[in-house]
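Right, one structure below, let's go through it.
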Amino acid sequence: MTVIGLDDTDSRERGMCTTYLAARIADEVQDAGGDVERLLLIRLNPAVKHKTRGNAALAIHTDLDPESAFELARNELETAAETDDPNTNPGLVVAPHAPENTPSEISDFARHAVRTLLSRGEAERRIESAGYRSAGWKNARGKIGALAAVGSWNAFSEWTHEHISYRESERWGTPRDVDFDSVFEASDDHYPAVWDTVDRGTGEAVCIPHTPCPILYGIRGDDPDAVRRVADRIEGEPVVQTALFVTNQGTDAHLQDGTLGEVEQNHAYRITGTVVSKPETRRGGHVFFTLSAESDTELGSKSESKSTGNLPCAAFEPTKRFRDHVRNIRPGDEITVCGEVSRGTLKLEKFAVRSLDTTEFVTPNCPECRRSMKSAGAGQGYRCRDCKTQADGKVEQEIDRELESGWYEVPPEARRHIAKPLVRGGFDEQTHPER
């Protein structure tokens, strides 16, 4: 067996897509007499600044001999990769073993590539130590993702699927011709096995990209047969090629359990704490609040790589209606937040309400006339001007909350590829899949 890993072949402006190149290489492998067991699509750390779009790396699992596989893949990359883009730096790694026989240090590298930031030098040291063939173009940064793709099969235990349909090359960069009604109908019939195809709240067909890449649409779900069936029912312009990928999309593989005071920049966490500030809507429609450690013992010291025990959290404008749930949070609520920490702020992908503060202190009413009492002066409590009754201070009362215990998530159009939709289940509280 042989594993072919590749990364960083596409461009934001010029198009191309590493999944398309992987599909082309798979076809070439089969033309050369090899069998392709699977195509693997791995979403790496979404916090990487130099990513092209979704930070995807690809692997091809085949029985073609390693030398032939390497030469074939290198020729395809040299022909198709968008190396004229200054931000595109392709990498290729070929491993001469079955994916399940990947050395543990390579699997560890893949796991870290999804959760941390890694260097090209570290990737090249691992490649040399493992005896893998490799090639790079320009600064060869793509070797990081290519090696991660090679090591991913043993690195993760949860997998989903994506069926991608590709356009005719002469249509790349032009508006896509897809019948939206057929997309929504197929999505409804196969939900929830197939998810994030559409966003019912906005009427957006999430599966259709807006970039000049070769993809016409990509259908994601838990069931490989279901994603194929949905793709087959979509009407529109001609499809020139299709490919089915096994992927870590929709799995939350990027999240790690964290503690307030111990978070690092450009890492993604799952953290529980207490809300200590009222949500504030700032310029641009972004909503901010602060999460705090539950006790002083959890507070960390401030440094370049660590935060204090208070962590700013934000629901940015693209998360749309999700922000309404965030605005309903109030100080005293205990919640779990999920998201990437960037510039000291956690970008919310979802949150869970653990406990709600359902009381508030209000000005007392007069027990005689039931009217609101007035302040009697600083430190003198309250009194009713008509009845002359007095009260020492504000009183506690129950309030209705717009939130309830459970999870709330960003809408499909704002969800990161790797983030897990609530509809997939496996969460520790009641979920709200339509929120």
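Ordered as shown in the structure tokens, chains take letters A, B, and onward, while each chain numbers its residues from 1 and ligands are numbered from 1 in the order shown.
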
Surrounding residues of Ile127 in chain A excluding itself and chain neighbours under 3 positions, 12 Å, only C-alpha atoms, as an MDAnalysis selection string: chainID A and resid 5 91:96 103 105:106 109 120:124 130:135 143:148 150:151

Per DSSP on the backbone, filter range 134-381 of chain A down to the residues in strand (DSSP E or B) and report them as JSON, numbers by chain. {"A": [134, 135, 136, 160, 161, 162, 163, 164, 165, 166, 178, 194, 195, 199, 204, 215, 216, 217, 218, 219, 220, 221, 236, 241, 242, 243, 244, 245, 246, 247, 255, 256, 257, 267, 268, 269, 270, 271, 272, 273, 274, 275, 280, 281, 287, 288, 289, 290, 291, 292, 310, 311, 312, 313, 314, 315, 334, 335, 336, 337, 338, 339, 340, 341, 342, 345, 346, 347, 348, 349, 350, 351, 352, 353, 354, 355, 359, 360, 361, 362, 365, 372, 374, 375]}

For range 17-120 of chain A against range 251-270 of chain A, with a cut-off of 6 Å and counting only C-alpha atoms, what is the closest atom pair and its distance in Å to one decimal for every residue that makes the cut, ordered by chain and number, as JSON lines?
```
{"residue": "A:Ala47", "atom": "CA", "partner": "A:Asn266", "partner_atom": "CA", "distance": 5.1}
{"residue": "A:Val114", "atom": "CA", "partner": "A:His254", "partner_atom": "CA", "distance": 5.4}
{"residue": "A:Arg115", "atom": "CA", "partner": "A:His254", "partner_atom": "CA", "distance": 5.0}
{"residue": "A:Thr116", "atom": "CA", "partner": "A:His267", "partner_atom": "CA", "distance": 5.9}
```

Create the file for the chosen residues now, containing N, CA, C and O atoms and written as a tab-separated table (two decimals), in the first residue's frame.
```
chain	number	residue	atom	x	y	z
A	47	ALA	N	-7.12	28.13	12.40
A	47	ALA	CA	-6.50	29.40	12.82
A	47	ALA	C	-5.24	29.73	12.04
A	47	ALA	O	-4.66	30.80	12.25
A	114	VAL	N	-4.00	19.69	13.30
A	114	VAL	CA	-5.39	20.11	13.36
A	114	VAL	C	-5.63	21.04	14.55
A	114	VAL	O	-6.56	21.84	14.55
A	115	ARG	N	-4.74	20.98	15.56
A	115	ARG	CA	-4.99	21.72	16.80
A	115	ARG	C	-3.95	22.80	17.12
A	115	ARG	O	-4.20	23.66	17.96
A	116	THR	N	-2.79	22.73	16.49
A	116	THR	CA	-1.73	23.68	16.82
A	116	THR	C	-1.11	24.22	15.54
A	116	THR	O	-1.56	23.93	14.43
```

For Asn55 in chain A, find every residue with an atom within 7 Å (counting only C-alpha atoms), except residues of its own chain fewer than 6 positions away, and show them as a list in words. Arg43, Leu44 and Pro46 of chain A

Expressed in Å to a single decimal, how great is the separation between CA of Leu6 in chain A and CA of Ser169 in chain A? 21.3 Å

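Residue nearest Phe351 in chain A within the list A:Gln241, A:Asn248, A:Asn365, A:Thr272: A:Thr272 [criterion: smallest interatomic distance, only C-alpha atoms].
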
Backbone DSSP call of alpha helix (DSSP H) for range 22-215 of chain A, listed as a PyMOL selection string: chain A and resi 22-31+66-80+104-115+120-130+142-151+180-190

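Residues in contact with Pro209 in chain A at 9 Å, where only C-alpha atoms are counted and same-chain residues fewer than 5 positions away are skipped, are listed as Arg176, Ile215, Leu216, Tyr217 and Gly218 of chain A.
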
Would you mind reading off the distance between CA of Met1 in chain A and CA of Ala32 in chain A, one decimal, in Å? 14.7 Å

Spatial neighbours of Arg228 in chain A, 12 Å, only C-alpha atoms, chain gap at least 6 places, as a list in words: His161, Glu162, His163, Ile164, Ser165, Ala186, Ser187, His190, Ala193, Val194, Tyr217, Gly218, Ile219, Arg220, Gly221, Asp222, Ile234, Thr242, Ala243, Leu244 and Phe245 of chain A

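The residue set within 6 Å of Ile335 in chain A, counting only C-alpha atoms and dropping same-chain residues fewer than 3 places from it, reads A:Thr272, A:Gly273, A:Ala352, A:Val353, A:Arg354.
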
Would you put the residues from that selection into a file with N, CA, C and O atoms, as a compact mmCIF listing (two decimals), in the first residue's frame?
```txt
# COMPACT_ATOMS: atom_id res chain seq x y z
N THR A 272 -15.49 25.93 29.99
CA THR A 272 -16.64 26.27 30.82
C THR A 272 -16.27 27.36 31.81
O THR A 272 -15.20 27.33 32.42
N GLY A 273 -17.16 28.33 31.98
CA GLY A 273 -16.94 29.42 32.92
C GLY A 273 -18.23 30.15 33.22
O GLY A 273 -19.32 29.72 32.81
N ALA A 352 -22.99 26.15 25.16
CA ALA A 352 -23.99 25.39 25.89
C ALA A 352 -24.30 26.11 27.19
O ALA A 352 -23.39 26.52 27.92
N VAL A 353 -25.58 26.25 27.48
CA VAL A 353 -26.01 26.80 28.77
C VAL A 353 -25.99 25.68 29.80
O VAL A 353 -26.69 24.68 29.64
N ARG A 354 -25.19 25.85 30.85
CA ARG A 354 -25.13 24.87 31.93
C ARG A 354 -26.08 25.22 33.06
O ARG A 354 -26.78 24.37 33.59
```

Identify which of the residues A:Arg38, A:Arg12, A:His50, A:Lys420 lies closest to Leu117 in chain A, counting only C-alpha atoms when measuring atom-to-atom distances. A:His50

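CA of Thr247 in chain A sits 9.3 Å away from CA of Leu58 in chain A.
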